[in-house]
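Here's the structure, in structure tokens; my notes come after.
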Amino acid sequence: MAHILKFISSPWGFAVLFLGPLFGECIERAGWSTAILDPLWLGLSIAILWAGIAVWRGSWFWVRP
């Protein structure tokens, strides 16, 4: 149970559980979906990439506190 809560509160959990579906829905609503890739998978890819950059830099917004 502790591992699940730790994952949910991490940048990776935020990206997979919130940002990925949000980006996927925005891509679909904007009409940018492709026939090759589902908008959800594209949104998850973008969110995971952004989470990786955030973990590496230590900030989500490229500004360090």
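Please note that chains go A, B, ... in the order of the structure tokens, that every chain numbers its residues from 1, and that ligands are numbered from 1 in the order shown.
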
Tell me, as a short mmCIF file (atom, residue, chain, number, x, y, z; two decimals) with all heavy atoms, in the first residue's frame, which residues lie within 12 Å of Asp38 in chain A, counting only C-alpha atoms; anything in the same chain fewer than 4 positions away does not count.
```cif
data_model
loop_
_atom_site.label_atom_id
_atom_site.label_comp_id
_atom_site.auth_asym_id
_atom_site.auth_seq_id
_atom_site.Cartn_x
_atom_site.Cartn_y
_atom_site.Cartn_z
N GLY A 20 -1.19 12.53 -18.55
CA GLY A 20 -1.34 11.72 -19.76
C GLY A 20 -2.76 11.72 -20.30
O GLY A 20 -2.98 12.06 -21.47
N PRO A 21 -3.75 11.37 -19.48
CA PRO A 21 -5.13 11.44 -19.97
C PRO A 21 -5.58 12.85 -20.33
O PRO A 21 -6.32 13.04 -21.29
CB PRO A 21 -5.95 10.90 -18.79
CG PRO A 21 -5.01 10.02 -18.05
CD PRO A 21 -3.67 10.67 -18.20
N PHE A 23 -3.63 15.34 -21.53
CA PHE A 23 -3.04 15.66 -22.82
C PHE A 23 -3.72 14.88 -23.94
O PHE A 23 -3.95 15.40 -25.03
CB PHE A 23 -1.54 15.37 -22.84
CG PHE A 23 -0.72 16.30 -22.00
CD1 PHE A 23 0.57 15.96 -21.65
CD2 PHE A 23 -1.21 17.50 -21.55
CE1 PHE A 23 1.35 16.81 -20.89
CE2 PHE A 23 -0.45 18.36 -20.78
CZ PHE A 23 0.84 18.01 -20.45
N GLY A 24 -4.03 13.61 -23.69
CA GLY A 24 -4.72 12.80 -24.69
C GLY A 24 -6.08 13.37 -25.05
O GLY A 24 -6.45 13.43 -26.22
N GLU A 25 -6.81 13.81 -24.05
CA GLU A 25 -8.13 14.40 -24.30
C GLU A 25 -7.99 15.73 -25.05
O GLU A 25 -8.79 16.02 -25.95
CB GLU A 25 -8.86 14.62 -22.98
CG GLU A 25 -10.29 15.05 -23.13
CD GLU A 25 -11.19 14.02 -23.76
OE1 GLU A 25 -10.90 12.82 -23.64
OE2 GLU A 25 -12.19 14.43 -24.38
N ILE A 27 -5.59 16.55 -27.11
CA ILE A 27 -5.20 16.21 -28.48
C ILE A 27 -6.42 15.76 -29.27
O ILE A 27 -6.62 16.17 -30.42
CB ILE A 27 -4.11 15.11 -28.47
CG1 ILE A 27 -2.80 15.69 -27.96
CG2 ILE A 27 -3.93 14.50 -29.85
CD1 ILE A 27 -1.75 14.64 -27.63
N GLU A 28 -7.26 14.95 -28.65
CA GLU A 28 -8.45 14.46 -29.34
C GLU A 28 -9.44 15.59 -29.60
O GLU A 28 -10.00 15.70 -30.70
CB GLU A 28 -9.11 13.37 -28.51
CG GLU A 28 -10.24 12.69 -29.23
CD GLU A 28 -10.76 11.50 -28.45
OE1 GLU A 28 -10.01 10.93 -27.65
OE2 GLU A 28 -11.94 11.16 -28.65
N GLY A 31 -8.50 17.85 -32.43
CA GLY A 31 -8.53 17.23 -33.75
C GLY A 31 -7.15 16.89 -34.30
O GLY A 31 -6.97 16.73 -35.49
N TRP A 32 -6.16 16.79 -33.41
CA TRP A 32 -4.81 16.49 -33.83
C TRP A 32 -4.49 14.99 -33.81
O TRP A 32 -3.34 14.60 -33.94
CB TRP A 32 -3.79 17.18 -32.94
CG TRP A 32 -3.88 18.67 -32.97
CD1 TRP A 32 -4.41 19.45 -33.95
CD2 TRP A 32 -3.42 19.56 -31.96
NE1 TRP A 32 -4.31 20.76 -33.61
CE2 TRP A 32 -3.70 20.87 -32.40
CE3 TRP A 32 -2.79 19.38 -30.74
CZ2 TRP A 32 -3.38 21.99 -31.65
CZ3 TRP A 32 -2.48 20.50 -29.99
CH2 TRP A 32 -2.77 21.78 -30.45
N SER A 33 -5.48 14.14 -33.63
CA SER A 33 -5.24 12.71 -33.53
C SER A 33 -4.80 12.16 -34.88
O SER A 33 -5.14 12.67 -35.94
CB SER A 33 -6.49 11.99 -33.04
OG SER A 33 -7.56 12.22 -33.92
N THR A 34 -4.01 11.10 -34.82
CA THR A 34 -3.52 10.45 -36.02
C THR A 34 -4.14 9.07 -36.13
O THR A 34 -4.65 8.51 -35.16
CB THR A 34 -1.99 10.31 -35.97
OG1 THR A 34 -1.64 9.47 -34.87
CG2 THR A 34 -1.31 11.65 -35.81
N LEU A 42 -0.37 8.92 -27.15
CA LEU A 42 0.44 10.08 -27.47
C LEU A 42 0.51 11.02 -26.26
O LEU A 42 1.59 11.53 -25.92
CB LEU A 42 -0.14 10.81 -28.69
CG LEU A 42 0.65 11.99 -29.22
CD1 LEU A 42 2.05 11.57 -29.62
CD2 LEU A 42 -0.08 12.59 -30.41
N GLY A 43 -0.62 11.23 -25.59
CA GLY A 43 -0.64 12.07 -24.39
C GLY A 43 0.21 11.48 -23.27
O GLY A 43 0.93 12.21 -22.59
N LEU A 44 0.15 10.16 -23.10
CA LEU A 44 0.97 9.51 -22.08
C LEU A 44 2.45 9.63 -22.42
O LEU A 44 3.28 9.84 -21.53
CB LEU A 44 0.58 8.04 -21.94
CG LEU A 44 -0.70 7.77 -21.16
CD1 LEU A 44 -1.09 6.30 -21.28
CD2 LEU A 44 -0.55 8.16 -19.71
N SER A 45 2.79 9.52 -23.69
CA SER A 45 4.19 9.65 -24.10
C SER A 45 4.72 11.04 -23.79
O SER A 45 5.82 11.19 -23.26
CB SER A 45 4.33 9.39 -25.60
OG SER A 45 3.86 8.13 -25.94
#
```

**Report entry** Distance query range 49-63 of chain A at most 6 Å, only C-alpha atoms, self and fewer than 3 positions along chain excluded, as a VMD selection string
**Finding:** chain A and resid 11 to 12 46

Residue subset to file, keeping C-alpha atoms, as an mmCIF file, in the first residue's frame:
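Written file, out.cif:
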```cif
data_model
loop_
_atom_site.group_PDB
_atom_site.id
_atom_site.type_symbol
_atom_site.label_atom_id
_atom_site.label_comp_id
_atom_site.auth_asym_id
_atom_site.auth_seq_id
_atom_site.Cartn_x
_atom_site.Cartn_y
_atom_site.Cartn_z
ATOM 1 C CA PRO A 11 6.090 13.002 -10.637
ATOM 2 C CA TRP A 12 5.742 9.733 -12.552
ATOM 3 C CA ILE A 46 4.349 13.433 -23.836
#
```

Query raised in the report: Hey, can you check how far CA of Ser10 in chain A sits from CA of Cys26 in chain A?
Result: 22.9 Å

**Report entry** Which of chain A DSSP labels helix (DSSP H, G or I), written as JSON, numbers by chain
**Finding:** {"A": [2, 3, 4, 5, 6, 7, 8, 11, 12, 13, 14, 15, 16, 17, 18, 19, 20, 21, 22, 23, 24, 25, 26, 27, 28, 29, 30, 39, 40, 41, 42, 43, 44, 45, 46, 47, 48, 49, 50, 51, 52, 53, 54, 55, 56, 57]}

Query - Straight-line distance linking CA of Phe18 in chain A with CA of Leu5 in chain A, stated in Å to one decimal - result: 14.7 Å

**Report entry** Atomic separation - CA of Ala35 in chain A relative to CA of Ala47 in chain A, Å
**Finding:** 20.2 Å
